[in-house]
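work_29.cif (mmCIF, C-alpha atoms and all ligand atoms)
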```cif
data_structure
#
loop_
_atom_site.label_atom_id
_atom_site.label_comp_id
_atom_site.auth_asym_id
_atom_site.auth_seq_id
_atom_site.Cartn_x
_atom_site.Cartn_y
_atom_site.Cartn_z
CA MET A 16 140.19 106.79 -28.81
CA VAL A 17 136.49 106.92 -29.83
CA ASP A 18 133.74 108.34 -27.65
CA TRP A 19 131.54 105.31 -28.23
CA LEU A 20 132.05 101.69 -29.20
CA ILE A 21 128.70 100.26 -30.29
CA VAL A 22 128.37 96.50 -30.54
CA GLY A 23 125.72 95.62 -33.13
CA ALA A 24 124.75 97.39 -36.37
CA GLY A 25 121.03 96.60 -36.02
CA PHE A 26 118.33 99.20 -35.37
CA VAL A 27 119.39 100.02 -31.83
CA GLY A 28 123.11 100.27 -32.65
CA ALA A 29 122.65 102.24 -35.88
CA VAL A 30 120.07 104.69 -34.56
CA ALA A 31 122.13 105.31 -31.42
CA ALA A 32 125.26 105.86 -33.53
CA GLU A 33 123.43 108.26 -35.85
CA HIS A 34 122.10 110.31 -32.92
CA LEU A 35 125.37 110.36 -31.04
CA ALA A 36 127.21 111.59 -34.15
CA ARG A 37 124.70 114.04 -35.62
CA VAL A 38 123.10 115.50 -32.49
CA HIS A 39 125.99 115.25 -30.02
CA GLY A 40 129.09 115.36 -32.23
CA GLN A 41 130.45 112.12 -30.74
CA THR A 42 132.86 109.79 -32.54
CA VAL A 43 131.51 106.26 -32.86
CA LEU A 44 132.90 102.88 -33.87
CA VAL A 45 130.11 100.42 -34.72
CA ILE A 46 131.09 96.75 -34.92
CA ASP A 47 129.06 93.71 -35.91
CA ARG A 48 130.03 90.05 -36.06
CA ARG A 49 128.01 89.73 -39.25
CA ASP A 50 129.49 90.85 -42.57
CA HIS A 51 126.73 93.41 -43.15
CA VAL A 52 124.84 96.20 -41.43
CA ALA A 53 121.10 96.27 -40.51
CA GLY A 54 120.92 93.35 -38.04
CA ASN A 55 117.95 91.07 -38.50
CA PRO A 56 116.08 93.24 -41.05
CA HIS A 57 119.12 93.03 -43.37
CA ASP A 58 118.16 92.45 -47.01
CA ALA A 59 120.17 91.61 -50.11
CA ARG A 60 119.56 90.42 -53.67
CA ASN A 61 119.80 86.72 -54.51
CA GLU A 62 121.24 85.43 -57.79
CA ASP A 63 117.90 86.11 -59.52
CA GLY A 64 118.03 89.72 -58.36
CA ILE A 65 115.16 89.26 -55.89
CA LEU A 66 115.45 91.39 -52.74
CA HIS A 67 115.38 88.93 -49.86
CA HIS A 68 115.26 89.27 -46.03
CA ARG A 69 117.91 86.79 -44.95
CA TYR A 70 116.74 86.58 -41.33
CA GLY A 71 112.99 86.41 -41.89
CA PRO A 72 110.31 88.77 -43.17
CA HIS A 73 110.40 92.31 -41.75
CA ILE A 74 107.39 94.55 -42.21
CA PHE A 75 107.67 98.07 -40.90
CA HIS A 76 104.65 99.38 -38.97
CA THR A 77 104.24 102.03 -36.28
CA ASN A 78 101.74 104.32 -34.62
CA ALA A 79 104.48 106.80 -33.71
CA PRO A 80 104.74 109.63 -36.29
CA ARG A 81 108.03 110.78 -34.75
CA ILE A 82 109.63 107.39 -35.52
CA ALA A 83 108.25 107.28 -39.06
CA ASP A 84 109.44 110.86 -39.64
CA TYR A 85 112.89 110.07 -38.27
CA LEU A 86 113.38 107.03 -40.55
CA SER A 87 111.98 108.97 -43.52
CA GLY A 88 115.19 110.98 -43.37
CA PHE A 89 117.04 107.87 -44.61
CA THR A 90 114.62 106.16 -46.97
CA GLU A 91 111.70 106.58 -49.29
CA TRP A 92 108.82 104.21 -48.72
CA ARG A 93 106.50 101.92 -50.61
CA ASP A 94 102.93 101.47 -49.34
CA TYR A 95 102.36 97.95 -48.12
CA GLU A 96 99.71 96.40 -45.88
CA HIS A 97 100.67 92.95 -44.70
CA ARG A 98 98.20 90.08 -45.02
CA ALA A 99 98.52 86.50 -43.82
CA VAL A 100 96.47 83.32 -44.04
CA ALA A 101 96.74 80.03 -42.18
CA LEU A 102 96.29 76.57 -43.66
CA ILE A 103 93.54 75.07 -41.49
CA GLU A 104 91.75 71.86 -42.45
CA ASN A 105 92.91 72.32 -46.06
CA ARG A 106 91.51 75.85 -46.34
CA LEU A 107 93.33 79.18 -46.35
CA VAL A 108 91.90 81.18 -43.45
CA PRO A 109 92.74 84.89 -42.91
CA ILE A 110 94.90 85.65 -39.83
CA PRO A 111 94.28 87.55 -37.54
CA PHE A 112 91.12 85.47 -37.19
CA ASN A 113 88.26 87.79 -38.21
CA PHE A 114 84.68 87.67 -39.50
CA THR A 115 85.80 86.40 -42.92
CA SER A 116 87.67 83.59 -41.15
CA LEU A 117 84.51 82.76 -39.17
CA ASP A 118 82.52 82.59 -42.40
CA ILE A 119 85.04 80.13 -43.83
CA VAL A 120 85.32 77.71 -40.91
CA PHE A 121 81.76 77.65 -39.47
CA PRO A 122 78.44 76.86 -41.20
CA ALA A 123 76.66 80.08 -42.25
CA GLY A 124 74.00 80.08 -39.51
CA LYS A 125 76.45 79.46 -36.71
CA ALA A 126 78.95 82.00 -38.07
CA ALA A 127 76.18 84.64 -38.12
CA ARG A 128 75.22 83.87 -34.50
CA ILE A 129 78.84 84.02 -33.31
CA LYS A 130 79.43 87.31 -35.09
CA GLN A 131 76.28 88.78 -33.50
CA ARG A 132 77.36 87.59 -30.05
CA MET A 133 80.87 89.02 -30.51
CA ILE A 134 79.46 92.38 -31.57
CA GLU A 135 77.18 92.45 -28.50
CA ARG A 136 80.07 91.53 -26.22
CA TYR A 137 82.95 93.65 -27.63
CA GLY A 138 81.43 96.09 -30.13
CA PHE A 139 81.94 95.99 -33.90
CA GLY A 140 85.48 96.94 -34.91
CA ALA A 141 87.07 95.88 -31.61
CA ASN A 142 89.98 93.51 -31.16
CA THR A 143 90.00 90.85 -28.51
CA THR A 144 92.58 88.22 -27.58
CA ILE A 145 92.42 84.46 -27.66
CA LEU A 146 92.96 84.40 -23.89
CA ALA A 147 90.06 86.80 -23.25
CA LEU A 148 87.83 84.84 -25.61
CA ARG A 149 88.67 81.58 -23.85
CA SER A 150 87.61 82.99 -20.51
CA GLU A 151 84.07 83.77 -21.75
CA GLN A 152 81.13 81.90 -20.17
CA ASP A 153 78.82 82.21 -23.16
CA GLY A 154 78.52 78.91 -25.08
CA LEU A 155 78.81 80.35 -28.58
CA LEU A 156 81.83 82.50 -27.71
CA ARG A 157 83.46 79.50 -26.03
CA GLU A 158 82.89 77.36 -29.09
CA CYS A 159 84.57 80.00 -31.26
CA ALA A 160 87.40 80.38 -28.72
CA ASP A 161 88.03 76.62 -28.59
CA TYR A 162 88.17 76.43 -32.37
CA VAL A 163 90.59 79.33 -32.74
CA TYR A 164 92.74 78.13 -29.86
CA GLU A 165 92.99 74.58 -31.21
CA HIS A 166 93.43 75.46 -34.87
CA VAL A 167 95.35 78.77 -34.84
CA PHE A 168 97.27 79.23 -31.59
CA LEU A 169 98.06 75.92 -29.90
CA GLY A 170 100.10 74.18 -32.60
CA TYR A 171 101.79 77.33 -33.91
CA THR A 172 102.83 78.50 -30.44
CA SER A 173 104.07 75.05 -29.46
CA LYS A 174 106.27 74.96 -32.56
CA GLN A 175 107.43 78.56 -32.36
CA TRP A 176 108.40 78.53 -28.68
CA GLY A 177 108.51 74.87 -27.68
CA LEU A 178 105.87 75.95 -25.12
CA ARG A 179 102.07 75.98 -24.93
CA PRO A 180 100.33 79.40 -24.96
CA ASP A 181 99.75 79.21 -21.17
CA GLU A 182 103.47 78.58 -20.56
CA ILE A 183 104.55 81.88 -22.09
CA ASP A 184 103.65 85.50 -21.26
CA ALA A 185 100.19 86.45 -22.57
CA SER A 186 101.72 89.40 -24.42
CA VAL A 187 103.08 86.91 -26.99
CA THR A 188 99.76 85.52 -28.26
CA ASN A 189 98.14 88.94 -27.68
CA ARG A 190 100.31 90.27 -30.53
CA VAL A 191 97.88 88.56 -32.91
CA PRO A 192 94.30 89.56 -31.95
CA VAL A 193 90.92 88.05 -32.77
CA ARG A 194 89.03 90.69 -34.76
CA VAL A 195 85.39 91.67 -34.26
CA SER A 196 85.27 92.94 -37.85
CA TYR A 197 86.23 92.00 -41.39
CA ASP A 198 89.60 93.77 -41.11
CA ASP A 199 92.08 91.17 -42.36
CA ARG A 200 95.24 93.30 -42.20
CA TYR A 201 97.94 91.79 -40.01
CA PHE A 202 98.65 95.20 -38.46
CA GLN A 203 96.35 98.16 -37.86
CA ASP A 204 99.07 100.76 -37.31
CA SER A 205 98.61 104.15 -38.93
CA PHE A 206 101.99 103.89 -40.74
CA GLN A 207 102.64 100.64 -42.64
CA LYS A 208 105.28 100.83 -45.34
CA MET A 209 108.43 99.15 -46.61
CA PRO A 210 111.69 101.02 -47.25
CA ARG A 211 111.63 101.42 -51.03
CA ALA A 212 115.30 100.54 -51.62
CA GLY A 213 115.39 98.04 -48.75
CA TYR A 214 116.51 98.09 -45.11
CA THR A 215 120.23 97.72 -45.81
CA ARG A 216 120.26 100.85 -47.95
CA MET A 217 118.44 102.76 -45.21
CA PHE A 218 121.06 101.66 -42.66
CA GLU A 219 123.94 102.61 -44.95
CA ARG A 220 122.53 106.14 -45.11
CA MET A 221 122.04 106.25 -41.36
CA LEU A 222 125.66 105.30 -40.77
CA ALA A 223 127.15 107.57 -43.45
CA SER A 224 128.51 110.23 -41.07
CA ARG A 225 132.24 111.03 -41.07
CA LEU A 226 132.07 110.66 -37.26
CA ILE A 227 130.97 107.01 -37.59
CA GLU A 228 133.27 104.15 -38.52
CA VAL A 229 131.81 100.69 -39.17
CA SER A 230 133.78 97.49 -38.75
CA LEU A 231 132.02 94.32 -39.95
CA ALA A 232 132.83 90.67 -39.29
CA THR A 233 134.16 91.92 -35.97
CA GLU A 234 133.52 90.21 -32.61
CA TRP A 235 133.19 92.18 -29.40
CA ARG A 236 135.50 89.81 -27.57
CA ASP A 237 138.23 90.32 -30.20
CA VAL A 238 138.25 94.11 -29.91
CA ARG A 239 137.24 94.84 -26.33
CA ASP A 240 140.85 94.99 -25.12
CA ARG A 241 142.30 96.28 -28.38
CA VAL A 242 140.15 99.32 -29.19
CA ARG A 243 140.22 102.43 -27.02
CA TYR A 244 136.80 103.88 -26.22
CA LYS A 245 135.18 105.97 -23.52
CA ASN A 246 131.76 104.27 -23.48
CA VAL A 247 130.28 101.08 -24.84
CA LEU A 248 126.73 100.29 -25.98
CA PHE A 249 126.18 96.56 -26.26
CA THR A 250 123.14 95.40 -28.27
CA GLY A 251 123.91 91.65 -28.29
CA ALA A 252 122.83 88.97 -25.80
CA ILE A 253 123.54 90.12 -22.24
CA ASP A 254 124.35 86.62 -20.91
CA GLU A 255 127.04 86.30 -23.58
CA PHE A 256 128.53 89.66 -22.53
CA PHE A 257 128.96 88.32 -19.00
CA ASP A 258 130.30 84.94 -20.20
CA TYR A 259 127.14 83.15 -19.00
CA ARG A 260 128.21 83.73 -15.39
CA LEU A 261 124.65 83.36 -14.04
CA GLY A 262 123.64 80.64 -16.50
CA VAL A 263 122.30 80.65 -20.03
CA LEU A 264 119.42 83.01 -20.77
CA PRO A 265 117.06 81.16 -23.14
CA TYR A 266 116.43 82.58 -26.59
CA ARG A 267 114.58 80.97 -29.48
CA SER A 268 116.33 80.47 -32.80
CA LEU A 269 115.20 79.76 -36.36
CA GLU A 270 116.40 77.90 -39.42
CA PHE A 271 115.40 79.24 -42.83
CA GLU A 272 114.94 77.09 -45.92
CA VAL A 273 114.82 79.07 -49.14
CA GLN A 274 113.02 77.79 -52.23
CA VAL A 275 113.05 79.41 -55.66
CA TYR A 276 110.24 78.88 -58.18
CA ASP A 277 110.03 79.46 -61.94
CA GLN A 278 106.82 81.45 -61.66
CA PRO A 279 106.14 85.15 -60.94
CA LEU A 280 104.33 84.44 -57.63
CA HIS A 281 103.94 81.26 -55.62
CA GLN A 282 101.33 81.95 -52.93
CA PRO A 283 98.30 84.29 -52.73
CA VAL A 284 99.60 86.54 -49.93
CA ALA A 285 102.99 87.31 -48.39
CA GLN A 286 102.64 84.97 -45.44
CA VAL A 287 101.06 81.54 -45.08
CA ASN A 288 101.02 80.13 -41.54
CA TYR A 289 101.01 76.42 -40.81
CA PRO A 290 99.66 76.14 -37.27
CA ASN A 291 99.19 72.36 -37.48
CA GLY A 292 101.10 69.37 -38.78
CA GLU A 293 104.27 70.57 -40.45
CA ARG A 294 107.47 71.25 -38.49
CA PHE A 295 107.72 74.78 -39.89
CA THR A 296 105.54 77.71 -38.78
CA ARG A 297 105.24 79.94 -41.82
CA ILE A 298 106.26 80.48 -45.42
CA THR A 299 106.88 84.03 -46.61
CA GLU A 300 107.15 85.19 -50.19
CA MET A 301 109.38 88.24 -50.43
CA LYS A 302 108.02 89.67 -53.69
CA HIS A 303 104.72 90.48 -51.99
CA LEU A 304 106.61 92.64 -49.49
CA THR A 305 108.78 94.45 -51.99
CA GLY A 306 106.32 94.68 -54.90
CA GLU A 307 109.05 93.58 -57.31
CA SER A 308 108.13 91.87 -60.56
CA GLY A 309 110.04 89.27 -62.57
CA PRO A 310 109.59 85.73 -63.87
CA ARG A 311 110.98 83.93 -60.77
CA THR A 312 110.08 84.09 -57.10
CA MET A 313 111.43 82.87 -53.78
CA VAL A 314 109.99 81.88 -50.42
CA ALA A 315 111.53 81.38 -46.98
CA ILE A 316 110.28 78.56 -44.77
CA GLU A 317 110.81 79.08 -41.01
CA TYR A 318 111.71 76.23 -38.68
CA PRO A 319 111.91 77.27 -35.00
CA ILE A 320 114.70 75.61 -32.99
CA PRO A 321 116.20 76.03 -29.50
CA HIS A 322 119.07 78.52 -29.38
CA ARG A 323 122.50 77.00 -28.67
CA PRO A 324 124.99 79.74 -27.65
CA GLY A 325 127.94 79.87 -30.03
CA GLU A 326 126.14 77.76 -32.65
CA THR A 327 122.80 79.38 -33.54
CA VAL A 328 121.51 82.96 -33.80
CA PRO A 329 119.40 84.18 -30.86
CA TYR A 330 116.35 85.64 -32.61
CA TYR A 331 113.68 85.85 -29.91
CA PRO A 332 113.83 86.44 -26.14
CA ILE A 333 111.34 84.03 -24.52
CA PRO A 334 108.97 86.16 -22.41
CA ARG A 335 108.38 84.26 -19.16
CA ALA A 336 108.66 85.42 -15.54
CA ASP A 337 111.62 83.11 -14.75
CA ASN A 338 113.62 84.25 -17.79
CA GLU A 339 112.90 87.90 -17.06
CA ALA A 340 114.07 87.42 -13.45
CA LEU A 341 117.38 85.97 -14.70
CA HIS A 342 117.70 88.87 -17.12
CA ARG A 343 117.26 91.35 -14.24
CA GLU A 344 120.08 89.61 -12.36
CA TYR A 345 122.32 90.03 -15.40
CA VAL A 346 121.46 93.74 -15.58
CA LEU A 347 122.45 94.10 -11.93
CA LEU A 348 125.92 92.66 -12.68
CA ASN A 349 126.70 95.85 -14.60
CA ARG A 350 128.41 98.27 -12.21
CA ALA A 351 130.28 100.26 -14.87
CA LYS A 352 128.73 103.67 -15.64
CA THR A 353 130.33 103.63 -19.10
CA VAL A 354 128.76 100.32 -20.18
CA HIS A 355 125.17 100.34 -21.47
CA PHE A 356 122.83 97.63 -22.72
CA ALA A 357 119.92 98.12 -25.12
CA GLY A 358 118.16 96.11 -27.82
CA ARG A 359 115.97 93.11 -28.30
CA LEU A 360 118.68 90.75 -27.07
CA ALA A 361 120.30 92.94 -24.40
CA ASP A 362 117.00 94.16 -22.89
CA TYR A 363 115.47 90.71 -23.39
CA ARG A 364 112.34 92.40 -24.81
CA TYR A 365 110.25 91.32 -27.79
CA TYR A 366 110.68 94.68 -29.58
CA ASN A 367 109.31 95.40 -33.01
CA MET A 368 111.54 97.57 -35.20
CA ASP A 369 109.79 100.82 -34.29
CA GLN A 370 110.23 100.02 -30.60
CA ALA A 371 113.92 99.34 -31.17
CA VAL A 372 114.25 102.76 -32.82
CA GLY A 373 112.39 104.39 -29.91
CA ARG A 374 114.58 102.58 -27.39
CA ALA A 375 117.78 103.87 -29.04
CA ILE A 376 116.54 107.46 -29.29
CA SER A 377 115.40 107.62 -25.66
CA LEU A 378 118.60 105.97 -24.41
CA VAL A 379 120.79 108.55 -26.16
CA SER A 380 118.59 111.43 -24.94
CA LYS A 381 118.84 110.10 -21.37
CA LEU A 382 122.60 109.57 -21.51
CA ARG A 383 123.34 112.93 -23.14
CA GLY A 384 120.86 114.91 -21.06
P1 LIG B 401 119.43 93.03 -33.92
O1 LIG B 401 118.80 93.37 -35.22
O2 LIG B 401 119.44 91.61 -33.48
O3 LIG B 401 120.94 93.58 -33.94
C1 LIG B 401 121.91 93.16 -33.03
C2 LIG B 401 123.21 93.02 -33.81
O4 LIG B 401 124.29 92.80 -32.85
C3 LIG B 401 123.24 91.83 -34.74
O5 LIG B 401 123.48 92.24 -36.07
C4 LIG B 401 124.35 90.93 -34.20
O6 LIG B 401 125.09 90.29 -35.21
C5 LIG B 401 125.20 91.90 -33.41
N1 LIG B 401 125.95 91.27 -32.32
C6 LIG B 401 125.41 90.57 -31.29
N2 LIG B 401 126.40 90.14 -30.46
C7 LIG B 401 127.57 90.57 -30.98
C8 LIG B 401 128.94 90.44 -30.59
N3 LIG B 401 129.28 89.78 -29.48
N4 LIG B 401 129.89 91.01 -31.35
C9 LIG B 401 129.56 91.69 -32.49
N5 LIG B 401 128.28 91.85 -32.90
C10 LIG B 401 127.30 91.30 -32.17
N6 LIG B 401 109.95 93.71 -36.29
C11 LIG B 401 109.00 94.43 -36.93
O7 LIG B 401 108.76 95.60 -36.56
N7 LIG B 401 108.31 93.90 -37.98
C12 LIG B 401 108.54 92.64 -38.45
O8 LIG B 401 107.90 92.19 -39.41
C13 LIG B 401 109.53 91.86 -37.78
N8 LIG B 401 109.77 90.59 -38.19
C14 LIG B 401 110.73 89.86 -37.54
C15 LIG B 401 110.96 88.55 -37.99
C16 LIG B 401 111.94 87.78 -37.38
C17 LIG B 401 112.17 86.38 -37.85
C18 LIG B 401 112.66 88.32 -36.27
C19 LIG B 401 113.70 87.49 -35.59
C20 LIG B 401 112.44 89.60 -35.83
C21 LIG B 401 111.46 90.39 -36.45
N9 LIG B 401 111.20 91.70 -36.05
C22 LIG B 401 110.23 92.44 -36.68
C23 LIG B 401 111.94 92.33 -34.93
C24 LIG B 401 113.18 93.10 -35.38
O9 LIG B 401 114.10 92.20 -36.00
C25 LIG B 401 113.81 93.75 -34.14
O10 LIG B 401 112.91 94.65 -33.53
C26 LIG B 401 115.08 94.52 -34.43
O11 LIG B 401 115.94 93.84 -35.31
C27 LIG B 401 115.80 94.80 -33.12
O12 LIG B 401 116.99 95.50 -33.36
P2 LIG B 401 118.25 95.29 -32.41
O13 LIG B 401 119.24 96.32 -32.82
O14 LIG B 401 117.82 95.26 -30.99
O15 LIG B 401 118.78 93.82 -32.69
N1 LIG B 402 100.51 82.95 -33.30
C1 LIG B 402 99.83 81.77 -33.44
N2 LIG B 402 99.31 81.44 -34.65
C2 LIG B 402 99.42 82.24 -35.73
C3 LIG B 402 100.13 83.46 -35.60
C4 LIG B 402 100.67 83.78 -34.36
O1 LIG B 402 99.73 80.99 -32.49
O2 LIG B 402 98.92 81.90 -36.82
C5 LIG B 402 101.07 83.27 -31.97
C6 LIG B 402 102.42 82.59 -31.75
O3 LIG B 402 102.57 82.33 -30.37
C7 LIG B 402 103.38 83.66 -32.21
C8 LIG B 402 102.71 84.90 -31.63
O4 LIG B 402 101.30 84.67 -31.85
O5 LIG B 402 104.67 83.45 -31.70
C9 LIG B 402 103.14 86.20 -32.22
O6 LIG B 402 102.97 86.15 -33.61
P1 LIG B 402 103.75 87.17 -34.58
O7 LIG B 402 103.22 86.96 -35.95
O8 LIG B 402 103.68 88.52 -33.99
O9 LIG B 402 105.25 86.62 -34.47
P2 LIG B 402 106.63 87.15 -35.09
O10 LIG B 402 106.32 87.76 -36.42
O11 LIG B 402 107.20 88.10 -34.09
O12 LIG B 402 107.44 85.89 -35.21
#
```
Could you write out this file's structure as structure tokens?
Amino acid sequence: MVDWLIVGAGFVGAVAAEHLARVHGQTVLVIDRRDHVAGNPHDARNEDGILHHRYGPHIFHTNAPRIADYLSGFTEWRDYEHRAVALIENRLVPIPFNFTSLDIVFPAGKAARIKQRMIERYGFGANTTILALRSEQDGLLRECADYVYEHVFLGYTSKQWGLRPDEIDASVTNRVPVRVSYDDRYFQDSFQKMPRAGYTRMFERMLASRLIEVSLATEWRDVRDRVRYKNVLFTGAIDEFFDYRLGVLPYRSLEFEVQVYDQPLHQPVAQVNYPNGERFTRITEMKHLTGESGPRTMVAIEYPIPHRPGETVPYYPIPRADNEALHREYVLLNRAKTVHFAGRLADYRYYNMDQAVGRAISLVSKLRG
């Protein structure tokens, strides 16, 4: 009999297990249907020895020192500030859209006038959102908003979600601001680093307690009646847990196409977005993230697809009022005091990694007083 059965060896499952074992002396069995730990940030070396994120690029960033400090107990870090560009009208334009982007896409005189107007309206150094910019009355700001909406957000969002920006919660497009400055970093968080030996290594250290057992390639449904446990923490999709009793909760999935090149680097920055035209959304080159050298390189091309339960991986909850209402109904189905849900899939929340860590820590603190 274990104190806790944790379903999912991603951030929420691993951090909860680590806390339950180290702080509260609980015995924990962590299972995952995948054959590895670390959930979506999992990384491994390909046949060329290049460290690769199998489920898409994961860049760690946070403004919470307590979360950075906590993870620093399990990894050393490498400094890394993420940068992205988008291919727009055959030019590479920095994303988030900023003053350098304006200088590239507008004639010099007009770019200068738009920048001046943005500074007057928001203040130099501010961030705004595409939705706020689109609601402006001023002609110059509207012209800029229309350009950015048409060329950066509309096509990308339609591909990524199968929905237009106005059909999805504003928090989704708000993740990527419009900058009233030349700051071309993708994130502005105070702590931006990559785990030096990779995410998987960090998770292995997190789970290395003698009170924690890990069972991989193990399905919840295959062990739920076989293993004896006092409590369960489920970090998978909540509709799956309840056998889709209230209907299917929509998630978005992805397909990754990997390409290897006989050259040290293939593209100028880690991430190139393709808001228009192509069926894929972005191409990421891993060596920029890891800082590794070597004669060959690899990229991952992301194709968004609808999630089909049982066939594809649910990567993203789809933030919309109707989906969130269905999620709340699923949460209400849970009457058992010993069954808990947390995580990007179970909470149906678009968590970044630091938020997933925070969610696990606060859940364990709440449950254990
Ligand atoms: P997960 O990592 O999804 O872990 C859940 C685990 O549960 C999985 O391993 C799954 O196999 C397992 N599981 C589910 N159901 C079952 C079952 N029935 N039986 C057994 N096991 C089961 N965040 C950032 O901060 N920065 C980034 O750059 C970033 N990039 C991302 C890029 C992509 C393409 C995606 C999809 C996400 C990205 N994220 C990023 C978000 C990050 O992946 C999440 O915040 C984090 O992984 C959430 O952790 P989790 O434990 O909730 O979920
Ligand atoms: N987005 C966009 N164009 C871009 C980059 C982002 O329209 O060039 C929108 C799109 O809706 C995307 C959202 O902003 O889903 C959030 O982008 P982010 O890079 O945070 O997505 P993630 O890395 O989580 O997939």
Report task. For segment 240-247 of chain A, please output as a ChimeraX atom specification all residues within 12 Å (counting only C-alpha atoms; exclusion window: fewer than 3 positions along the same chain). Result -> /A:16-23,28,31-32,35,41-46,230,233-237,250-251,256,351-357,382
Query raised in the report: For ligand LIG 402 (chain B), which residue out of A:Tyr171, A:Tyr276, A:Tyr318, A:Tyr330 is the nearest one, using all atoms listed in the file?
Result: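 Of all the options, A:Tyr171 lies closest to ligand LIG 402 (chain B).
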Query raised in the report: atom CA of Gly124 of chain A and atom N1 of ligand LIG 402 (chain B), how far apart in Å?
Result: 27.4 Å
Report task. Would you be able to write out as a VMD selection string which residues have an atom within 9 Å of (121.0, 77.0, -27.4) in the file's coordinates, counting only C-alpha atoms? Result -> chain A and resid 263 265 to 268 320 to 329
Report task. Tell me which of A:Asp161, A:Leu264, A:Asp50, A:Thr172 sits closest to Ala361 of chain A, counting only C-alpha atoms. Result ->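 That would be A:Leu264, the residue with the smallest distance to Ala361 of chain A.
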Query raised in the report: By how many Å are atom CA of Arg81 of chain A and atom CA of Asp184 of chain A apart?
Result: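 Atom CA of Asp184 of chain A lies at a distance of 29.0 Å from atom CA of Arg81 of chain A.
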Requested in this report: Would you mind telling me which residue in A:Ser150, A:Thr296, A:Gln278, A:Thr77 lies nearest to ligand LIG 402 (chain B) when using all atoms listed in the file?
Outcome: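 Using all atoms listed in the file, the shortest distance to ligand LIG 402 (chain B) belongs to A:Thr296.
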Query raised in the report: Counting only C-alpha atoms, which residues come within 10 Å of (103.2, 88.7, -48.9), with the point read in the file's coordinates, and could you list them as a PyMOL selection string?
Result: chain A and resi 72+74+95-100+280+282-287+298-306+314
Ligand LIG 402 (chain B): which residues are within 6 Å, counting all atoms listed in the file, as an mmCIF file with C-alpha atoms, in the frame of the given file?
```cif
data_model
loop_
_atom_site.group_PDB
_atom_site.id
_atom_site.type_symbol
_atom_site.label_atom_id
_atom_site.label_comp_id
_atom_site.auth_asym_id
_atom_site.auth_seq_id
_atom_site.Cartn_x
_atom_site.Cartn_y
_atom_site.Cartn_z
ATOM 1 C CA VAL A 167 95.350 78.770 -34.840
ATOM 2 C CA PHE A 168 97.270 79.230 -31.590
ATOM 3 C CA LEU A 169 98.060 75.920 -29.900
ATOM 4 C CA TYR A 171 101.790 77.330 -33.910
ATOM 5 C CA THR A 172 102.830 78.500 -30.440
ATOM 6 C CA GLN A 175 107.430 78.560 -32.360
ATOM 7 C CA VAL A 187 103.080 86.910 -26.990
ATOM 8 C CA THR A 188 99.760 85.520 -28.260
ATOM 9 C CA ARG A 190 100.310 90.270 -30.530
ATOM 10 C CA VAL A 191 97.880 88.560 -32.910
ATOM 11 C CA ASN A 288 101.020 80.130 -41.540
ATOM 12 C CA PRO A 290 99.660 76.140 -37.270
#
```
Report task. Kindly give the distance, in Å, that separates atom CA of Gly25 of chain A and atom CA of Ala185 of chain A, rounded to a single decimal. Result ->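 Result for atom CA of Gly25 of chain A versus atom CA of Ala185 of chain A: 26.8 Å, one decimal.
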For Leu155 of chain A, list every protein, DNA or RNA residue within 9 Å, evaluated using only C-alpha atoms, and leave out those in the same chain fewer than 6 positions away; present the list as a CSV table (one decimal) with C-alpha atoms, in the frame of the given file.
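The result, stored in selection.csv:
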```
chain,number,residue,atom,x,y,z
A,125,LYS,CA,76.4,79.5,-36.7
A,128,ARG,CA,75.2,83.9,-34.5
A,129,ILE,CA,78.8,84.0,-33.3
A,132,ARG,CA,77.4,87.6,-30.0
```
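With distances taken over all atoms listed in the file, A:Gln207 is the one residue among A:Asn349, A:Gln207, A:Ser173, A:Tyr366 lying closest to Asp94 of chain A.
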Query raised in the report: Between A:Arg364, A:His166, A:Arg37, A:His67, which one has atoms that come closest to ligand LIG 401 (chain B), using only C-alpha atoms and all ligand atoms?
Result: A:Arg364
Query raised in the report: When distances are computed from all atoms listed in the file, which of A:Asn367, A:Asn78, A:Val372, A:Gly88 shows the smallest separation from Met221 of chain A?
Result: A:Gly88
List the spatial neighbours of His34 of chain A as a compact mmCIF listing (two decimals) with C-alpha atoms, in the coordinates of the input - criterion: any atom at most 9 Å away, all atoms listed in the file, same-chain residues fewer than 3 positions off excluded.
```txt
# COMPACT_ATOMS: atom_id res chain seq x y z
CA ALA A 29 122.65 102.24 -35.88
CA VAL A 30 120.07 104.69 -34.56
CA ALA A 31 122.13 105.31 -31.42
CA ARG A 37 124.70 114.04 -35.62
CA VAL A 38 123.10 115.50 -32.49
CA HIS A 39 125.99 115.25 -30.02
CA GLY A 40 129.09 115.36 -32.23
CA GLN A 41 130.45 112.12 -30.74
CA ALA A 375 117.78 103.87 -29.04
CA ILE A 376 116.54 107.46 -29.29
CA VAL A 379 120.79 108.55 -26.16
CA SER A 380 118.59 111.43 -24.94
```
Query - Shell of 10 Å around Pro192 of chain A, only C-alpha atoms, local chain residues under 6 positions omitted, as an NGL selection string - result: :A and (110-113 or 141-146 or 201-202)
